[in-house]
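A.B. asks: One file is attached below, model_12.txt, containing compact mmCIF, C-alpha atoms.
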# COMPACT_ATOMS: atom_id res chain seq x y z
CA MET A 78 -253.27 -0.74 23.88
CA ALA A 79 -252.12 1.47 26.76
CA ALA A 80 -248.44 2.31 27.14
CA THR A 81 -246.70 0.07 29.69
CA LYS A 82 -243.31 -0.26 31.33
CA TYR A 83 -240.78 -2.51 29.62
CA ASN A 84 -237.64 -4.32 30.70
CA ALA A 85 -234.39 -2.48 30.04
CA ARG A 86 -232.72 -5.89 29.66
CA ASP A 87 -234.84 -6.53 26.55
CA CYS A 88 -233.54 -3.49 24.66
CA GLN A 89 -231.29 -4.25 21.71
CA PHE A 90 -228.04 -2.56 20.65
CA GLU A 91 -226.00 -3.26 17.54
CA ILE A 92 -222.75 -1.97 16.05
CA GLU A 93 -222.07 -1.94 12.32
CA ASP A 94 -219.00 -3.88 11.28
CA PHE A 95 -216.59 -1.24 9.93
CA LEU A 96 -214.99 -3.72 7.52
CA ASN A 97 -218.34 -5.10 6.33
CA PRO A 98 -220.78 -2.17 5.96
CA GLY A 99 -224.39 -3.24 6.38
CA THR A 100 -223.43 -6.11 8.71
CA TRP A 101 -224.72 -5.54 12.24
CA VAL A 102 -223.44 -7.29 15.36
CA ALA A 103 -225.29 -7.33 18.69
CA ILE A 104 -223.83 -5.86 21.84
CA ARG A 105 -225.98 -8.20 23.87
CA THR A 106 -228.03 -7.39 26.97
CA ALA A 107 -229.73 -10.74 27.54
CA GLN A 108 -229.28 -14.42 26.83
CA GLY A 109 -229.45 -15.45 23.24
CA GLY A 110 -227.29 -16.51 20.38
CA ALA A 111 -223.94 -17.79 21.59
CA GLY A 112 -224.62 -17.30 25.32
CA GLU A 113 -225.29 -14.69 27.93
CA GLY A 114 -225.13 -10.98 27.25
CA GLY A 115 -222.68 -8.76 29.07
CA ILE A 116 -224.56 -5.45 29.20
CA ASN A 117 -226.58 -4.91 32.38
CA THR A 118 -227.23 -1.17 32.30
CA PHE A 119 -227.48 1.66 29.79
CA SER A 120 -228.02 5.37 29.92
CA LEU A 121 -229.20 7.49 26.96
CA SER A 122 -228.14 11.12 27.28
CA HIS A 123 -229.21 14.31 25.52
CA GLU A 124 -227.12 17.44 25.25
CA TYR A 125 -228.22 20.86 24.02
CA GLU A 126 -226.57 24.07 22.92
CA THR A 127 -228.73 27.15 23.19
CA ALA A 128 -228.48 30.66 21.79
CA ASP A 129 -229.28 33.60 24.00
CA THR A 130 -232.02 35.61 22.25
CA THR A 131 -232.61 38.09 25.09
CA THR A 132 -233.14 41.71 24.05
CA PHE A 133 -233.95 44.92 25.91
CA GLY A 134 -237.57 44.11 25.02
CA SER A 135 -237.33 40.93 27.12
CA GLN A 136 -237.62 43.21 30.18
CA GLY A 137 -235.13 41.27 32.27
CA ARG A 138 -236.51 37.83 31.43
CA ALA A 139 -233.99 35.53 29.77
CA GLU A 140 -234.92 34.16 26.36
CA SER A 141 -233.18 31.42 24.41
CA GLN A 142 -233.61 28.86 21.64
CA ASN A 143 -232.22 25.36 21.23
CA MET A 144 -229.67 25.49 18.41
CA GLN A 145 -228.00 22.08 18.63
CA GLU A 146 -228.99 18.69 20.02
CA GLY A 147 -226.65 15.78 20.66
CA LYS A 148 -227.16 12.21 21.83
CA SER A 149 -224.95 9.62 23.43
CA ILE A 150 -225.53 6.30 25.12
CA THR A 151 -223.38 4.48 27.63
CA LEU A 152 -223.52 0.68 27.81
CA GLU A 153 -222.08 -0.97 30.91
CA GLY A 154 -221.80 -4.49 32.21
CA PHE A 155 -219.42 -7.43 32.16
CA ARG A 156 -216.53 -8.06 29.77
CA LEU A 157 -217.18 -11.38 28.05
CA LYS A 158 -214.31 -13.58 26.92
CA ASP A 159 -214.26 -17.17 25.67
CA LYS A 160 -212.23 -19.20 28.20
CA THR A 161 -210.98 -21.59 25.54
CA THR A 162 -210.11 -19.28 22.62
CA GLY A 163 -209.63 -15.98 24.43
CA ALA A 164 -211.97 -14.30 21.93
CA LEU A 165 -214.07 -11.43 23.19
CA ASP A 166 -217.83 -11.29 22.70
CA PRO A 167 -218.23 -10.25 19.03
CA GLY A 168 -220.10 -7.00 19.76
CA GLN A 169 -217.70 -5.95 22.51
CA ALA A 170 -214.72 -6.83 20.30
CA LEU A 171 -216.02 -4.63 17.45
CA ALA A 172 -216.64 -1.75 19.88
CA GLU A 173 -213.10 -2.03 21.22
CA VAL A 174 -211.57 -2.04 17.74
CA GLN A 175 -213.78 0.87 16.69
CA ALA A 176 -212.75 2.90 19.75
CA ALA A 177 -209.14 2.73 18.53
CA ARG A 178 -209.95 4.19 15.09
CA LEU A 179 -209.23 7.87 14.46
CA GLY A 180 -210.40 10.56 12.04
CA ASP A 181 -212.90 9.56 9.37
CA ASP A 182 -212.44 5.91 10.35
CA SER A 183 -213.73 6.64 13.86
CA LEU A 184 -217.30 6.82 12.53
CA VAL A 185 -219.45 3.72 12.15
CA GLY A 186 -223.15 2.87 12.46
CA PHE A 187 -224.97 2.07 15.70
CA ARG A 188 -228.61 1.14 16.19
CA MET A 189 -230.97 0.41 19.06
CA ALA A 190 -234.53 -0.68 19.71
CA ALA A 191 -236.83 -1.12 22.68
CA PRO A 192 -238.94 -4.28 23.11
CA GLY A 193 -241.80 -4.38 20.62
CA ASP A 194 -240.26 -1.77 18.30
CA THR A 195 -240.72 -2.56 14.62
CA THR A 196 -237.99 -0.11 13.61
CA TRP A 197 -234.43 0.55 14.74
CA GLU A 198 -233.27 4.02 15.72
CA VAL A 199 -230.13 4.24 13.62
CA TRP A 200 -227.13 6.49 14.14
CA PRO A 201 -225.47 6.15 10.71
CA ALA A 202 -222.32 7.78 12.07
CA ALA A 203 -221.22 7.38 15.67
CA THR A 204 -217.99 7.34 17.67
CA PHE A 205 -217.12 4.75 20.31
CA GLN A 206 -215.10 5.50 23.44
CA LEU A 207 -214.23 2.80 25.94
CA GLY A 208 -214.80 3.35 29.64
CA ASP A 209 -213.23 1.80 32.68
CA GLN A 210 -212.66 -1.94 32.88
CA GLY A 211 -211.74 -3.93 35.95
CA GLY A 212 -213.06 -5.12 39.25
CA GLY A 213 -212.24 -6.08 42.79
CA ASN A 214 -211.36 -9.34 44.50
CA ASN A 215 -214.89 -10.75 44.36
CA ASP A 216 -216.09 -9.07 41.15
CA LYS A 217 -216.46 -10.12 37.55
CA SER A 218 -214.50 -7.87 35.18
CA SER A 219 -216.49 -4.81 34.09
CA TRP A 220 -216.80 -3.27 30.62
CA SER A 221 -218.27 -0.04 29.29
CA VAL A 222 -218.46 2.01 26.13
CA THR A 223 -219.95 5.40 25.31
CA ILE A 224 -221.38 5.84 21.83
CA THR A 225 -221.90 9.40 20.57
CA ARG A 226 -224.07 10.20 17.57
CA SER A 227 -222.49 12.32 14.81
CA GLY A 228 -225.18 13.90 12.65
CA ALA A 229 -228.84 13.03 12.51
CA SER A 230 -230.63 9.80 13.46
CA THR A 231 -232.57 7.73 10.96
CA THR A 232 -234.73 4.62 11.23
CA ALA A 233 -234.69 1.21 9.61
CA VAL A 234 -237.27 -1.57 9.60
CA LYS A 235 -236.39 -4.45 11.94
CA ALA A 236 -236.16 -7.72 10.08
Using the file provided, produce a representation of the structure as structure tokens.
C.D. replies:
Amino acid sequence: MAATKYNARDCQFEIEDFLNPGTWVAIRTAQGGAGEGGINTFSLSHEYETADTTTFGSQGRAESQNMQEGKSITLEGFRLKDKTTGALDPGQALAEVQAARLGDDSLVGFRMAAPGDTTWEVWPAATFQLGDQGGGNNDKSSWSVTITRSGASTTAVKA
């Protein structure tokens, strides 16, 4: 089958529960489960460190090699809160708690998958940093988090 475009809204993102390792909770992008998802945009970023390998033999042409590669993803959308209980969406709540952890405790698992993927891309160790929240007079409250991979990615079979 030929490669085709896919809907960003059908991508999946999950955070590992720090207090229950191996338990994954969705940071939802679409309807499903207990209601609508809050995430309506994401941006996966790559960052590189290079080493200058230019010598006199390079004859004035710069040479370099990639020495380090980093990844981060920003999820943005609406902050979801239960009107009756005041509880946040479970995935957003875990991300907010995780963003407040420091040192070794600041690392927890994150995973993502595109529609049709049979495996997750897993970041076994990642940090979470909250972004701006708010809105104007005629807006719904916004929410965002940036997740940064620490170490190498792995994969896991989707159940």
A.B. asks: When you count all atoms listed in the file, which of these residues is closest to Ile224 (chain A): A:Thr161, A:Thr196, A:Thr131, A:Ser149?
C.D. replies: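 Of A:Thr161, A:Thr196, A:Thr131, A:Ser149, the one nearest Ile224 (chain A) is A:Ser149, counting all atoms listed in the file.
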A.B. asks: Name all residues at most 8 Å from region 162-172 of chain A (count all atoms listed in the file; drop same-chain ones fewer than 3 positions away) and give them as a count of residues only.
C.D. replies: 16
A.B. asks: Taking all atoms listed in the file into account, name the residue in A:Thr232, A:Ala79, A:Ala128, A:Ser120 that is nearest to Ala190 (chain A).
C.D. replies: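 For Ala190 (chain A), the nearest of the given residues is A:Thr232.
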A.B. asks: If I take CA of Thr132 (chain A) and CA of Gly147 (chain A), how far is one from the other in Å, to one decimal?
C.D. replies: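 The value is 26.9 Å.
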A.B. asks: May I ask which of the residues A:Arg138, A:Glu93, A:Glu126, A:Met144 is the closest one to Thr204 (chain A), counting all atoms listed in the file?
C.D. replies: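 Closest candidate: A:Glu93.
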A.B. asks: Quick one, how far is CA of Ser218 (chain A) from CA of Gly186 (chain A)?
C.D. replies: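 So the two atoms, CA of Ser218 (chain A) and CA of Gly186 (chain A), lie 26.6 Å apart.
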A.B. asks: Write out as a ChimeraX atom specification which residues come within 9 Å of Ser219 (chain A) when counting only C-alpha atoms, dropping same-chain ones fewer than 4 positions away.
C.D. replies: /A:115,153-157,209-212
